[in-house]
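Trainee: Below is one structure. I have some questions about it.
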Amino acid sequence: MDPLIPSDPTSKEYKEWRVSNLEGSSLSEIHIVLSTVALSYWCWKCKTAAEFHRNPARFSERTWQRFAFECVVFFVPMFLALTGRYIYTTIAMLVGAIVYYRKQIPDAPVRHDKWAPDPRADNFKQTFVPGRITPKPYLSIYRAEMMLLTCFCILAVDFEVFPLKYAKVETFGTSIMDLGVGSFVFSAGVVGVKPFLPRMVDGKPVSTSLGHRLRAGLWTAFPILCLGLARFVLTDASGDLRMTSMVLLAGYQALYSLSPLGSWLENAARTDMVSANREGIFSFVGYLAMFLLGMSLGQEVLPDARSFKARRMRLVSVLGAWTTAFMSFLLFSFVLGVEPSRRFANAPYCFWVAGFNTFMLWLFMLIEEDVDSKLPPELSRAGRPAGYDVPAILDAVNMNSLTTFLVANLLTGLVNMRIETLLCNTTQSMAVLAGYTLLFMLPALAMYRTGIRIR
C-alpha cells in the first residue's frame, strides 16, 4: 500500500483522502446517467395515461397498485444509475417499457375538418383566468426529481458502491454532485419568482407592492437569506433578470481570468477570515447569477398560457432557445480554455447548470405534451383526476421538499455515526440505502396523506 494512503478505512484521515483530488466524469456520462430521470417519468406517464384511457371511471380505485409502480419506476433506475450498475440495461428497459405502454394509449379523435377550430384551443381560451398561476406538473416533477437525487447522493457517496467520479470534484471539472449543488440554487430561482409576477385585480394587471415583494422574497429564500436580499435589490433595480445575471457572470469571470484574483483564489494561504473563506465569499456572485437565471426562466414557465398556441410556442421556442443559448455559452467558455468549477461558481459552471436544468425541464414539458395531447379536449388544461398529472411520491416530496431534505440530512448523520459505511459490501450498502430512502420519504408521504404542508 502507498505510504501516503491512510491504512485504516474507518479513520477520518482515510475518509478525507478518499474524497480529495477527485476529477469527476465527462459531461456525456453525466447526461447519460441522468437521462434515466426523464425516462422514468415518461414511462410512468405512459402507463398512467393508458390506465386512465382504459377505464376513466375506475382510475382512482387502484391507488396502491399505482404507488407500487411509482416506487419501482422512480427508485430502481435511480439506484442502478447512481451506483454505476447496468446503466445502459436500465435505459434499454425503460425505453422498452415506454414503447409498450405508449402503444396502449388510444389516439386522439381525428378532426375531419382540418379548417375547423381545434377544440383544445377553445377549451384553453375558455378556461384561461388572467393572473392565475395553476400548478405545472412538469415543474413539480422537475423539482421533486432533483430533490430525490440530492437526498440519495448525500448518503450514497459514503459507500464504496457509489462511484467517486460522481462525487464533488476538488476544483475544476464536472460531476453529478457538482451539478446537484447548482441545480438546488437554480430550481429555487425558478419557483422563487412567483411572488414577483404581476397579478390581475378587477381585470387590470397589478404589480405587487414593494413591502409585499420584500416579505415574499425573504420568505421564499429564508434558508439562503443573503441570496434572497441580493435578489430583491438587483431585480427591483434592474427589472431584467437575464441581463443582470449575464453582466454578473461576465464581470466575475473577467476578474477571475484577467486579474490576480484567480491565482489568489486557487493558491493563497488561509491566513485570515477572508482568505480562509474565499471560495464561499466570491462564489456567491456566481450562485446569485445562477439564481437570477432560474428566476428568469420562471417568468417564462410559471404563468398560465393564454392560449393553446401560446403553450406550444413556449415549449418549442422559449425553452429550446434557452437550452441552445446556455450550451453555446458553455462551449464558448471551453474554447477559451476555462473549465467549470463548482468551488468558485465560475461562468462555465453556471451556464452548464442552467443549460442542463433548462433542458431537463424542456424534456418534461415535451413528455407531458406527447402524452396529454391524446386526452379529450375538455381535459386539456384541467379537470384530470388526482394521480394523473404527478405521481404521489413526487407530489409528496414537492409539497414538503425542505422537510424531506432536513430529514435526509439527519438520517445521513445518524447512519454515519452508527455504521462504518466503507466496510459495507454491495448487498449491505444497497440494503442501507434502500432503508434510508424509505425513511426520508415517510414524513413527506405521511404529511401528503394528511394534507399538511410545511415547506
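If you're wondering about the labels, chains in the C-alpha cells are A, B, ... by order shown, residues count from 1 in each chain, ligands from 1 in order shown.
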Tell me, as a list in words, which residues lie within 9 Å of range 168-170 of chain A, counting only C-alpha atoms; anything in the same chain fewer than 2 positions away does not count.

Mentor: Val19, Ser20, Asn21, Leu22, Glu23, Gly24, Leu164, Lys165, Tyr166, Phe172, Gly173, Thr174, Ser175, Ile176, Met177, Asp178, Leu179, Ser341, Arg342 and Arg343 of chain A

Trainee: Print the selection's residues with N, CA, C and O atoms to a file, as a short mmCIF file (atom, residue, chain, number, x, y, z; two decimals), in the first residue's frame.

Mentor:
data_model
loop_
_atom_site.label_atom_id
_atom_site.label_comp_id
_atom_site.auth_asym_id
_atom_site.auth_seq_id
_atom_site.Cartn_x
_atom_site.Cartn_y
_atom_site.Cartn_z
N VAL A 19 -12.03 11.32 -0.69
CA VAL A 19 -12.79 12.28 -1.49
C VAL A 19 -11.96 13.51 -1.86
O VAL A 19 -12.51 14.53 -2.26
N SER A 20 -10.65 13.40 -1.74
CA SER A 20 -9.76 14.52 -2.11
C SER A 20 -9.23 14.33 -3.53
O SER A 20 -9.05 13.21 -4.00
N ASN A 21 -8.99 15.47 -4.19
CA ASN A 21 -8.38 15.49 -5.52
C ASN A 21 -9.17 14.69 -6.56
O ASN A 21 -8.59 14.07 -7.46
N LEU A 22 -10.48 14.68 -6.44
CA LEU A 22 -11.31 13.98 -7.42
C LEU A 22 -11.44 14.83 -8.68
O LEU A 22 -11.48 16.06 -8.62
N GLU A 23 -11.53 14.17 -9.82
CA GLU A 23 -11.57 14.88 -11.11
C GLU A 23 -12.92 14.79 -11.81
O GLU A 23 -13.11 15.36 -12.87
N GLY A 24 -13.86 14.03 -11.22
CA GLY A 24 -15.20 13.97 -11.80
C GLY A 24 -15.29 13.05 -13.00
O GLY A 24 -14.47 12.16 -13.22
N LEU A 164 -16.82 7.25 -7.21
CA LEU A 164 -16.30 8.55 -6.79
C LEU A 164 -16.23 9.56 -7.93
O LEU A 164 -16.10 10.76 -7.69
N LYS A 165 -16.30 9.07 -9.17
CA LYS A 165 -16.32 10.02 -10.29
C LYS A 165 -17.61 10.83 -10.31
O LYS A 165 -17.71 11.84 -11.01
N TYR A 166 -18.63 10.39 -9.56
CA TYR A 166 -19.87 11.16 -9.45
C TYR A 166 -19.84 12.14 -8.28
O TYR A 166 -20.74 12.96 -8.14
N PHE A 172 -11.59 21.96 -10.42
CA PHE A 172 -12.13 22.08 -11.77
C PHE A 172 -12.61 20.72 -12.27
O PHE A 172 -11.98 19.69 -12.02
N GLY A 173 -13.71 20.76 -13.02
CA GLY A 173 -14.27 19.52 -13.56
C GLY A 173 -15.77 19.46 -13.35
O GLY A 173 -16.39 20.40 -12.84
N THR A 174 -16.35 18.35 -13.76
CA THR A 174 -17.80 18.18 -13.67
C THR A 174 -18.13 16.84 -13.05
O THR A 174 -17.43 15.85 -13.29
N SER A 175 -19.19 16.81 -12.29
CA SER A 175 -19.67 15.56 -11.71
C SER A 175 -21.16 15.71 -11.41
O SER A 175 -21.71 16.82 -11.45
N ILE A 176 -21.79 14.59 -11.08
CA ILE A 176 -23.23 14.62 -10.79
C ILE A 176 -23.51 15.43 -9.54
O ILE A 176 -24.46 16.22 -9.48
N MET A 177 -22.68 15.27 -8.51
CA MET A 177 -22.93 16.02 -7.28
C MET A 177 -22.62 17.50 -7.43
O MET A 177 -23.27 18.35 -6.80
N ASP A 178 -21.66 17.85 -8.28
CA ASP A 178 -21.43 19.26 -8.60
C ASP A 178 -22.66 19.86 -9.27
O ASP A 178 -23.07 20.99 -8.98
N LEU A 179 -23.24 19.10 -10.18
CA LEU A 179 -24.45 19.55 -10.86
C LEU A 179 -25.60 19.70 -9.88
O LEU A 179 -26.40 20.63 -9.98
N SER A 341 -16.12 25.14 -12.63
CA SER A 341 -15.67 24.97 -11.24
C SER A 341 -16.82 25.28 -10.30
O SER A 341 -17.26 26.44 -10.20
N ARG A 342 -17.33 24.25 -9.62
CA ARG A 342 -18.34 24.47 -8.59
C ARG A 342 -17.76 25.24 -7.42
O ARG A 342 -18.44 26.07 -6.81
N ARG A 343 -16.51 24.97 -7.12
CA ARG A 343 -15.85 25.60 -5.97
C ARG A 343 -15.84 27.12 -6.08
O ARG A 343 -16.05 27.82 -5.08
#

Trainee: Here is a test: counting only C-alpha atoms, which residue of A:Pro303, A:Gly262, A:Pro9, A:Pro77 is nearest to Arg132 in chain A?

Mentor: A:Pro303

Trainee: Write out as a list of chain:residue names which residues come within 12 Å of Leu336 in chain A when counting only C-alpha atoms, dropping same-chain ones fewer than 6 positions away.

Mentor: A:Gln253, A:Ala254, A:Ser257, A:Phe329, A:Leu330, A:Ala347, A:Pro348

Trainee: Write the residues you've just listed into a file as a PDB file, in the first residue's frame, and include N, CA, C and O atoms for each of them.

Mentor:
ATOM      1  N   GLN A 253     -16.226  36.542 -14.242  1.00  0.00           N
ATOM      2  CA  GLN A 253     -15.286  35.710 -14.978  1.00  0.00           C
ATOM      3  C   GLN A 253     -14.108  36.529 -15.495  1.00  0.00           C
ATOM      4  O   GLN A 253     -12.965  36.059 -15.515  1.00  0.00           O
ATOM      5  N   ALA A 254     -14.375  37.770 -15.898  1.00  0.00           N
ATOM      6  CA  ALA A 254     -13.283  38.631 -16.371  1.00  0.00           C
ATOM      7  C   ALA A 254     -12.299  38.915 -15.231  1.00  0.00           C
ATOM      8  O   ALA A 254     -11.074  38.861 -15.421  1.00  0.00           O
ATOM      9  N   SER A 257     -10.290  35.653 -14.548  1.00  0.00           N
ATOM     10  CA  SER A 257      -9.330  35.216 -15.569  1.00  0.00           C
ATOM     11  C   SER A 257      -8.269  36.249 -15.901  1.00  0.00           C
ATOM     12  O   SER A 257      -7.151  35.885 -16.266  1.00  0.00           O
ATOM     13  N   PHE A 329     -22.986  29.136 -24.680  1.00  0.00           N
ATOM     14  CA  PHE A 329     -22.096  29.834 -23.757  1.00  0.00           C
ATOM     15  C   PHE A 329     -21.103  28.862 -23.132  1.00  0.00           C
ATOM     16  O   PHE A 329     -19.928  29.185 -22.954  1.00  0.00           O
ATOM     17  N   LEU A 330     -21.563  27.682 -22.798  1.00  0.00           N
ATOM     18  CA  LEU A 330     -20.678  26.693 -22.197  1.00  0.00           C
ATOM     19  C   LEU A 330     -19.573  26.299 -23.169  1.00  0.00           C
ATOM     20  O   LEU A 330     -18.393  26.248 -22.814  1.00  0.00           O
ATOM     21  N   ALA A 347     -18.252  31.163 -14.639  1.00  0.00           N
ATOM     22  CA  ALA A 347     -19.255  31.272 -15.699  1.00  0.00           C
ATOM     23  C   ALA A 347     -19.550  29.942 -16.388  1.00  0.00           C
ATOM     24  O   ALA A 347     -20.723  29.600 -16.584  1.00  0.00           O
ATOM     25  N   PRO A 348     -18.543  29.143 -16.794  1.00  0.00           N
ATOM     26  CA  PRO A 348     -18.864  27.859 -17.429  1.00  0.00           C
ATOM     27  C   PRO A 348     -19.707  26.958 -16.543  1.00  0.00           C
ATOM     28  O   PRO A 348     -20.628  26.292 -17.026  1.00  0.00           O
TER      29      PRO A 348
END

Trainee: Can you list, as a ChimeraX atom specification, every protein, DNA or RNA residue that comes within 12 Å of Ala276 in chain A when you count only C-alpha atoms, leaving out same-chain residues fewer than 6 positions away?

Mentor: /A:264-270,282

Trainee: Just checking: using only C-alpha atoms, which residue out of A:Trp352, A:Phe344, A:Trp322, A:Phe79 ends up closest to Tyr256 in chain A?

Mentor: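 Smallest separation from Tyr256 in chain A among the options: A:Phe344.
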
Trainee: Excluding range 401-408 of chain A and its own-chain neighbours fewer than 3 positions away, which residues fall within 12 Å of it when counting only C-alpha atoms? Please give them as an MDAnalysis selection string.

Mentor: chainID A and resid 140 143:156 184 187:188 220:223 393:398 411:415 433 435:448 452:455

Trainee: Rank nothing, just name the residue among A:Tyr41, A:Phe162, A:Phe52, A:Phe67 nearest to Pro376 in chain A, using only C-alpha atoms.

Mentor: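 Closest candidate: A:Phe52.
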
Trainee: Compile the contact shell of Asp158 in chain A as a PDB file with N, CA and C atoms, in the first residue's frame: residues with an atom at most 9 Å away, counting only C-alpha atoms, same-chain residues fewer than 6 positions apart removed.

Mentor:
ATOM      1  N   LYS A  15     -11.068   8.766   5.171  1.00  0.00           N
ATOM      2  CA  LYS A  15     -12.295   9.279   4.551  1.00  0.00           C
ATOM      3  C   LYS A  15     -12.035  10.604   3.842  1.00  0.00           C
ATOM      4  N   ASN A 416     -24.011   7.535   9.499  1.00  0.00           N
ATOM      5  CA  ASN A 416     -22.548   7.629   9.594  1.00  0.00           C
ATOM      6  C   ASN A 416     -22.037   7.460  11.022  1.00  0.00           C
ATOM      7  N   THR A 421     -19.636   2.829   6.961  1.00  0.00           N
ATOM      8  CA  THR A 421     -20.174   2.666   5.607  1.00  0.00           C
ATOM      9  C   THR A 421     -19.164   2.092   4.619  1.00  0.00           C
ATOM     10  N   LEU A 422     -17.882   2.418   4.802  1.00  0.00           N
ATOM     11  CA  LEU A 422     -16.874   1.962   3.850  1.00  0.00           C
ATOM     12  C   LEU A 422     -16.551   0.477   4.001  1.00  0.00           C
TER      13      LEU A 422
END
